[in-house]
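J.: So that you have it, the file is structure30.txt, and it contains compact mmCIF, C-alpha atoms:
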# COMPACT_ATOMS: atom_id res chain seq x y z
CA MET A 1 -2.01 -1.28 -8.41
CA LYS A 2 -3.76 -4.38 -7.24
CA THR A 3 -3.27 -5.73 -3.77
CA ALA A 4 -4.94 -8.52 -1.84
CA VAL A 5 -5.16 -9.62 1.77
CA ILE A 6 -5.67 -13.36 2.32
CA VAL A 7 -8.20 -14.06 5.06
CA PHE A 8 -8.09 -17.36 6.96
CA PRO A 9 -10.49 -18.41 9.67
CA GLY A 10 -8.70 -17.01 12.72
CA SER A 11 -6.90 -14.15 10.95
CA ASN A 12 -7.23 -11.04 13.10
CA CYS A 13 -4.91 -8.47 11.49
CA ASP A 14 -6.52 -8.65 8.07
CA ARG A 15 -8.48 -5.44 8.48
CA ASP A 16 -5.51 -3.53 9.93
CA ALA A 17 -3.52 -4.70 6.92
CA ALA A 18 -6.28 -3.54 4.57
CA VAL A 19 -6.33 -0.09 6.19
CA ALA A 20 -2.53 0.24 5.86
CA LEU A 21 -2.60 -0.88 2.22
CA GLU A 22 -5.47 1.41 1.32
CA ALA A 23 -3.77 4.39 2.99
CA ALA A 24 -0.61 3.83 0.95
CA PHE A 25 -1.95 2.59 -2.38
CA GLY A 26 -5.13 4.64 -2.49
CA THR A 27 -7.14 1.61 -3.52
CA ARG A 28 -8.89 -0.97 -1.43
CA PRO A 29 -7.23 -4.41 -1.41
CA ALA A 30 -9.21 -7.48 -2.42
CA MET A 31 -10.04 -9.56 0.65
CA VAL A 32 -9.55 -13.17 -0.48
CA TRP A 33 -11.05 -16.03 1.53
CA HIS A 34 -8.91 -19.11 2.24
CA ARG A 35 -11.10 -21.43 0.17
CA ASP A 36 -10.60 -19.46 -3.03
CA ASN A 37 -8.26 -21.30 -5.32
CA GLU A 38 -7.83 -18.59 -7.88
CA LEU A 39 -6.39 -15.13 -7.48
CA PRO A 40 -6.80 -12.19 -9.84
CA ASP A 41 -3.67 -10.59 -11.33
CA LEU A 42 -2.00 -8.87 -8.41
CA ASP A 43 1.05 -6.76 -7.60
CA LEU A 44 1.15 -7.54 -3.88
CA ILE A 45 -0.31 -10.26 -1.69
CA LEU A 46 -0.40 -9.82 2.08
CA LEU A 47 -0.71 -12.76 4.48
CA PRO A 48 -1.92 -11.17 7.72
CA GLY A 49 -1.35 -11.90 11.38
CA GLY A 50 -3.66 -13.87 13.59
CA PHE A 51 -4.23 -17.49 14.50
CA SER A 52 -5.20 -19.16 11.24
CA TYR A 53 -7.12 -22.38 11.88
CA GLY A 54 -6.57 -21.87 15.60
CA ASP A 55 -2.84 -22.62 15.21
CA TYR A 56 -3.80 -26.33 15.13
CA LEU A 57 -0.87 -28.75 14.79
CA ARG A 58 1.69 -25.92 14.37
CA SER A 59 1.23 -22.19 13.76
CA GLY A 60 0.65 -21.73 10.04
CA ALA A 61 0.65 -25.46 9.26
CA MET A 62 -3.00 -25.80 8.26
CA ALA A 63 -3.06 -22.51 6.35
CA SER A 64 -0.01 -23.60 4.36
CA GLN A 65 -2.12 -26.47 2.96
CA SER A 66 -5.19 -24.36 2.13
CA PRO A 67 -6.41 -23.97 -1.47
CA VAL A 68 -5.54 -20.28 -1.62
CA LEU A 69 -1.92 -20.95 -0.70
CA ARG A 70 -1.42 -22.96 -3.88
CA ALA A 71 -2.53 -19.86 -5.78
CA VAL A 72 -0.25 -17.65 -3.66
CA LYS A 73 2.69 -19.95 -4.43
CA GLU A 74 1.98 -19.74 -8.16
CA GLN A 75 1.94 -15.95 -7.99
CA ALA A 76 5.11 -15.87 -5.89
CA ASP A 77 6.81 -18.06 -8.51
CA LYS A 78 5.84 -15.49 -11.12
CA GLY A 79 7.51 -12.76 -9.08
CA VAL A 80 4.45 -11.17 -7.47
CA LEU A 81 5.36 -9.61 -4.12
CA VAL A 82 4.22 -11.54 -1.05
CA LEU A 83 4.39 -10.05 2.44
CA GLY A 84 3.71 -12.31 5.42
CA ILE A 85 3.34 -10.64 8.78
CA CYS A 86 3.39 -12.58 12.06
CA ASN A 87 1.10 -15.57 11.39
CA GLY A 88 1.67 -14.77 7.71
CA PHE A 89 5.42 -15.35 8.27
CA GLN A 90 4.60 -18.68 9.95
CA VAL A 91 2.47 -19.64 6.93
CA LEU A 92 5.35 -18.76 4.58
CA THR A 93 7.87 -20.96 6.43
CA GLU A 94 5.36 -23.83 6.76
CA SER A 95 4.60 -23.64 3.04
CA GLY A 96 8.28 -23.68 2.10
CA LEU A 97 8.23 -20.23 0.50
CA LEU A 98 10.75 -19.17 3.15
CA PRO A 99 13.35 -21.35 4.90
CA GLY A 100 13.43 -22.18 8.62
CA VAL A 101 10.68 -22.34 11.19
CA LEU A 102 9.12 -20.18 13.91
CA MET A 103 9.19 -22.01 17.21
CA ARG A 104 7.59 -21.27 20.58
CA ASN A 105 9.15 -18.15 22.16
CA ALA A 106 12.20 -19.14 24.19
CA ASN A 107 10.68 -17.75 27.41
CA LEU A 108 7.36 -19.50 26.62
CA LYS A 109 5.45 -16.24 27.01
CA PHE A 110 3.17 -14.51 24.56
CA VAL A 111 4.93 -11.21 23.88
CA CYS A 112 2.91 -8.12 22.98
CA ARG A 113 4.86 -4.87 22.99
CA ASP A 114 6.89 -2.46 20.90
CA VAL A 115 10.33 -3.72 19.89
CA ASP A 116 13.36 -1.95 18.45
CA LEU A 117 14.41 -3.28 15.07
CA VAL A 118 17.49 -2.62 13.00
CA VAL A 119 17.16 -2.54 9.23
CA ASP A 120 19.65 -5.04 7.85
CA SER A 121 19.19 -5.38 4.11
CA THR A 122 17.35 -2.85 1.97
CA ALA A 123 17.80 -4.86 -1.22
CA SER A 124 14.13 -5.59 -1.86
CA PRO A 125 11.02 -3.62 -2.82
CA PHE A 126 9.70 -4.07 0.72
CA MET A 127 12.64 -2.21 2.22
CA ARG A 128 12.85 0.66 -0.23
CA GLY A 129 11.55 3.13 2.37
CA TYR A 130 14.26 2.22 4.88
CA ALA A 131 18.01 2.77 5.18
CA THR A 132 20.51 0.09 6.20
CA GLY A 133 21.32 0.40 9.90
CA GLN A 134 18.23 2.48 10.58
CA GLN A 135 16.55 1.73 13.90
CA VAL A 136 12.76 1.56 13.95
CA THR A 137 10.18 0.71 16.58
CA VAL A 138 7.35 -1.62 15.58
CA PRO A 139 5.00 -3.70 17.73
CA VAL A 140 5.13 -7.50 18.01
CA ALA A 141 2.38 -9.78 19.29
CA HIS A 142 3.13 -13.48 19.13
CA HIS A 143 3.74 -16.73 20.97
CA ASP A 144 5.67 -18.50 18.21
CA GLY A 145 8.23 -16.08 16.86
CA ASN A 146 11.47 -17.80 17.73
CA TYR A 147 13.13 -18.10 14.32
CA PHE A 148 15.21 -21.21 13.86
CA ALA A 149 17.16 -22.64 10.93
CA ASP A 150 20.35 -24.68 10.67
CA ASP A 151 23.65 -22.80 10.63
CA ALA A 152 24.18 -23.32 6.91
CA THR A 153 20.79 -21.70 6.17
CA LEU A 154 21.45 -18.82 8.57
CA ASN A 155 24.86 -18.21 7.00
CA ARG A 156 23.30 -18.24 3.55
CA LEU A 157 20.56 -15.79 4.59
CA GLU A 158 23.14 -13.41 6.02
CA GLY A 159 25.63 -13.87 3.19
CA ASP A 160 23.01 -13.20 0.52
CA GLY A 161 21.61 -10.10 2.25
CA ARG A 162 18.30 -11.80 2.92
CA VAL A 163 17.88 -10.64 6.51
CA ALA A 164 15.57 -7.63 6.25
CA PHE A 165 15.16 -6.82 9.93
CA ARG A 166 16.87 -7.87 13.13
CA TYR A 167 15.77 -7.21 16.68
CA ALA A 168 18.10 -4.66 18.24
CA ALA A 169 20.69 -6.57 20.27
CA HIS A 170 19.09 -5.58 23.58
CA ASP A 171 15.57 -6.30 22.42
CA ASN A 172 15.21 -9.87 21.08
CA PRO A 173 11.74 -10.75 22.43
CA ASN A 174 11.59 -14.43 21.50
CA GLY A 175 15.04 -16.01 21.29
CA SER A 176 15.28 -15.86 17.49
CA ALA A 177 18.53 -17.13 16.01
CA ARG A 178 20.89 -14.25 15.24
CA ASP A 179 18.17 -11.79 16.32
CA ILE A 180 16.34 -12.37 13.03
CA ALA A 181 12.98 -10.60 12.80
CA GLY A 182 12.32 -10.78 9.05
CA ILE A 183 13.77 -12.62 6.04
CA LEU A 184 13.48 -12.65 2.28
CA ASN A 185 13.34 -15.50 -0.21
CA GLU A 186 16.15 -15.95 -2.71
CA ARG A 187 14.49 -13.85 -5.38
CA GLY A 188 13.64 -11.03 -2.96
CA ASN A 189 9.92 -10.98 -3.73
CA VAL A 190 8.73 -12.75 -0.55
CA LEU A 191 9.24 -11.18 2.88
CA GLY A 192 8.20 -12.74 6.17
CA MET A 193 8.47 -10.82 9.43
CA MET A 194 7.15 -11.21 12.97
CA PRO A 195 6.74 -7.48 13.83
CA HIS A 196 3.60 -5.68 12.62
CA PRO A 197 4.37 -2.73 10.31
CA GLU A 198 0.64 -2.42 9.54
CA ARG A 199 0.04 -1.50 13.19
CA ALA A 200 2.50 1.39 13.01
CA VAL A 201 1.15 3.58 10.22
CA ASP A 202 -0.73 6.20 12.25
CA PRO A 203 0.88 8.63 14.73
CA LYS A 204 -2.12 8.20 17.02
CA LEU A 205 -1.54 4.45 17.24
CA CYS A 206 1.80 2.68 17.83
CA GLY A 207 3.90 5.24 15.90
CA ILE A 208 4.57 5.42 12.18
CA ASP A 209 7.74 3.38 11.70
CA GLY A 210 5.83 0.77 9.72
CA LYS A 211 4.55 3.27 7.19
CA ALA A 212 7.77 3.36 5.17
CA MET A 213 7.24 -0.27 4.21
CA PHE A 214 3.95 0.51 2.49
CA THR A 215 4.98 3.83 0.93
CA GLY A 216 8.21 2.16 -0.22
CA LEU A 217 6.19 -0.61 -1.85
CA VAL A 218 4.10 1.96 -3.69
CA GLU A 219 7.28 3.61 -5.00
CA ALA A 220 8.74 0.25 -5.96
CA LEU A 221 5.63 -0.85 -7.80
CA VAL A 222 4.80 2.37 -9.66
CA PRO A 223 7.60 2.11 -12.29
CA THR A 224 6.57 -1.50 -12.99
CA ILE A 225 3.03 -0.40 -13.67
CA MET A 226 4.16 2.48 -15.87
CA GLU A 227 6.37 0.18 -17.92
CA GLY A 228 3.83 -2.63 -17.96
CA MET B 1 -5.34 -50.67 10.66
CA LYS B 2 -4.34 -48.25 13.39
CA ALA B 3 -1.17 -46.26 13.22
CA LYS B 4 0.55 -44.32 15.93
CA VAL B 5 2.80 -41.45 14.94
CA HIS B 6 5.22 -39.83 17.36
CA VAL B 7 6.57 -36.42 16.41
CA THR B 8 9.57 -35.31 18.44
CA LEU B 9 12.01 -32.43 18.34
CA LYS B 10 15.34 -33.26 16.74
CA ALA B 11 18.36 -33.55 19.00
CA GLY B 12 19.99 -30.16 19.39
CA VAL B 13 16.76 -28.19 18.96
CA LEU B 14 16.02 -26.33 22.18
CA ASP B 15 12.81 -27.38 23.89
CA PRO B 16 11.85 -24.72 26.43
CA GLN B 17 8.50 -26.43 27.07
CA GLY B 18 10.25 -29.70 27.92
CA LYS B 19 12.56 -27.75 30.24
CA ALA B 20 9.60 -26.07 31.98
CA ILE B 21 7.97 -29.49 32.49
CA GLY B 22 11.25 -30.78 33.95
CA HIS B 23 11.37 -27.85 36.39
CA ALA B 24 7.75 -28.43 37.38
CA LEU B 25 8.45 -32.12 38.07
CA GLU B 26 11.43 -31.15 40.18
CA SER B 27 9.41 -28.66 42.20
CA LEU B 28 6.81 -31.40 42.81
CA GLY B 29 9.52 -33.47 44.42
CA PHE B 30 10.16 -35.94 41.60
CA GLU B 31 13.89 -36.42 41.82
CA GLY B 32 16.21 -38.04 39.37
CA VAL B 33 14.55 -36.76 36.20
CA GLY B 34 17.13 -35.76 33.61
CA ASP B 35 16.33 -34.19 30.28
CA VAL B 36 12.61 -33.78 29.44
CA ARG B 37 11.56 -33.46 25.79
CA GLN B 38 8.01 -32.79 24.71
CA GLY B 39 6.46 -34.05 21.48
CA LYS B 40 3.19 -34.95 19.78
CA PHE B 41 1.33 -38.23 19.48
CA ILE B 42 -1.07 -38.68 16.58
CA GLU B 43 -3.33 -41.72 16.12
CA LEU B 44 -4.59 -42.58 12.65
CA ASP B 45 -7.27 -45.04 11.58
CA LEU B 46 -6.48 -46.28 8.06
CA ASP B 47 -8.38 -48.33 5.46
CA GLU B 48 -5.06 -49.66 4.16
CA THR B 49 -4.31 -53.26 5.21
CA ASP B 50 -0.83 -53.67 3.70
CA PRO B 51 1.71 -52.57 6.34
CA ASP B 52 4.37 -51.52 3.82
CA LYS B 53 1.94 -49.38 1.87
CA ALA B 54 0.55 -47.90 5.08
CA ARG B 55 4.01 -47.04 6.30
CA ALA B 56 4.91 -45.36 3.01
CA ARG B 57 1.65 -43.42 2.99
CA ILE B 58 2.07 -42.20 6.58
CA GLY B 59 5.66 -41.25 5.83
CA GLU B 60 4.32 -39.00 3.11
CA MET B 61 1.76 -37.52 5.52
CA CYS B 62 4.51 -36.79 8.04
CA GLU B 63 6.72 -35.12 5.44
CA LYS B 64 3.85 -33.02 4.10
CA LEU B 65 1.96 -32.06 7.24
CA LEU B 66 2.25 -33.99 10.48
CA ALA B 67 5.88 -33.04 11.19
CA ASN B 68 7.96 -30.02 10.32
CA THR B 69 11.14 -31.80 9.35
CA VAL B 70 13.24 -28.67 9.83
CA ILE B 71 13.02 -29.26 13.58
CA GLU B 72 11.09 -32.50 14.08
CA ASN B 73 11.59 -36.25 13.64
CA TYR B 74 8.77 -38.75 13.38
CA SER B 75 8.33 -42.46 14.04
CA ILE B 76 5.50 -44.71 12.88
CA ASP B 77 4.05 -47.71 14.72
CA LEU B 78 1.41 -49.90 13.08
CA GLU B 79 -1.15 -51.99 14.93
CA GLY B 80 -3.42 -54.78 13.77
What's the structure tokens form of this structure?
T.:
Amino acid sequence: MKTAVIVFPGSNCDRDAAVALEAAFGTRPAMVWHRDNELPDLDLILLPGGFSYGDYLRSGAMASQSPVLRAVKEQADKGVLVLGICNGFQVLTESGLLPGVLMRNANLKFVCRDVDLVVDSTASPFMRGYATGQQVTVPVAHHDGNYFADDATLNRLEGDGRVAFRYAAHDNPNGSARDIAGILNERGNVLGMMPHPERAVDPKLCGIDGKAMFTGLVEALVPTIMEG
Amino acid sequence: MKAKVHVTLKAGVLDPQGKAIGHALESLGFEGVGDVRQGKFIELDLDETDPDKARARIGEMCEKLLANTVIENYSIDLEG
């Protein structure tokens, strides 16, 4: 299975993501620099957290216009899985791969702590390792995580089972609309989420509630490889 | 020609930064300030000399990059 982590100037969770992917997939992901405009054939692309291009203009705005993102979009259109975490989620909304926008946290503070999440929809390869209604604890670390979209879009996301994670009702850290923490695209092959599952894959560090995402992805991708 | 682009939050989109600025003004003793909304101001120096073409071009820039039209409006002023 071939995975890649996209590295922008200012990414800072790229190596954590690589460690989590390697632990689950058993192979090292390709680390792809933002100037590259071609990607090899891949099964999974990960857009990591951080502060790509210093968050200039808007978080994720500059990265969404980078050469590598054109290649990511092409792959996403072909059905390749794309996972955007934190800044990666911001890049996905800015690039139009996911609807809505991530605004400044409602309380204006950078929030860096564990949050309780509730698994909403498991209908995607990313969520295969989780059960609907399951509560998990995963860290967040962001200033711009306040998810916003118009009511029609929010209704559509909910109606189509495209909300993957919500913050537990008592634990919305940023003011996100309808407690949304992670959403899928229409086809279900692009997931953006503010919490960091890659930081919760080792019992010695931040728990292991993020691990099921990566092991679930391995399970989801194995049959494809066997058939392909 | 020079162009000035104002990017502002759409009506109805919460602006906690604008609110915080409003509170700060109040605590400094500036009375009578109602709603405060914060935005961005971007100045562009363009080779284009035809105002209509410049306006159309900047509109494209705003749609593609300068504004996020999910939450932001933009206005364009041309000079010279």
J.: Within 7 Å of chain B, which residues of chain A show up when using all atoms listed in the file, listed as an MDAnalysis selection string?
T.: chainID A and resid 100:101 106 108
J.: Residues at most 9 Å from Asp160 (chain A), counting all atoms listed in the file, excluding those fewer than 4 positions away in the same chain, as a PyMOL selection string?
T.: chain A and resi 155-156+186
J.: Do a neighbour search on Asp47 (chain B) at 10 Å with all atoms listed in the file, toss out local chain neighbours closer than 3 positions, and write the hits as a PDB file with C-alpha atoms, in the frame of the given file.
T.:
ATOM      1  CA  MET B   1      -5.340 -50.670  10.660  1.00  0.00           C
ATOM      2  CA  LYS B   2      -4.340 -48.250  13.390  1.00  0.00           C
ATOM      3  CA  LEU B  44      -4.590 -42.580  12.650  1.00  0.00           C
ATOM      4  CA  ASP B  50      -0.830 -53.670   3.700  1.00  0.00           C
ATOM      5  CA  ALA B  54       0.550 -47.900   5.080  1.00  0.00           C
TER       6      ALA B  54
END
J.: To one decimal place in Å, what is the distance between CA of Asn105 (chain A) and CA of Ser11 (chain A)?
T.: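 Computing the Euclidean distance for CA of Asn105 (chain A) and CA of Ser11 (chain A) yields 20.0 Å.
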J.: Residues of region 44-113 of chain A that have any atom at most 10 Å from an atom of region 18-23 of chain A: could you tabulate them with the shortest-distance atom pair and the distance in Å to one decimal, using only C-alpha atoms, ordered by chain and increasing number, as JSON lines?
T.:
{"residue": "A:Leu44", "atom": "CA", "partner": "A:Leu21", "partner_atom": "CA", "distance": 9.8}
{"residue": "A:Leu46", "atom": "CA", "partner": "A:Ala18", "partner_atom": "CA", "distance": 9.0}
{"residue": "A:Pro48", "atom": "CA", "partner": "A:Ala18", "partner_atom": "CA", "distance": 9.3}
J.: Please, what distance in Å, to one decimal, runs between CA of Phe148 (chain A) and CA of Ser52 (chain A)?
T.: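 Value for the CA of Phe148 (chain A)-CA of Ser52 (chain A) distance: 20.7 Å.
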J.: What does the structure give for the distance between CA of Arg35 (chain A) and CA of Val190 (chain A), in Å to one decimal?
T.: 21.7 Å
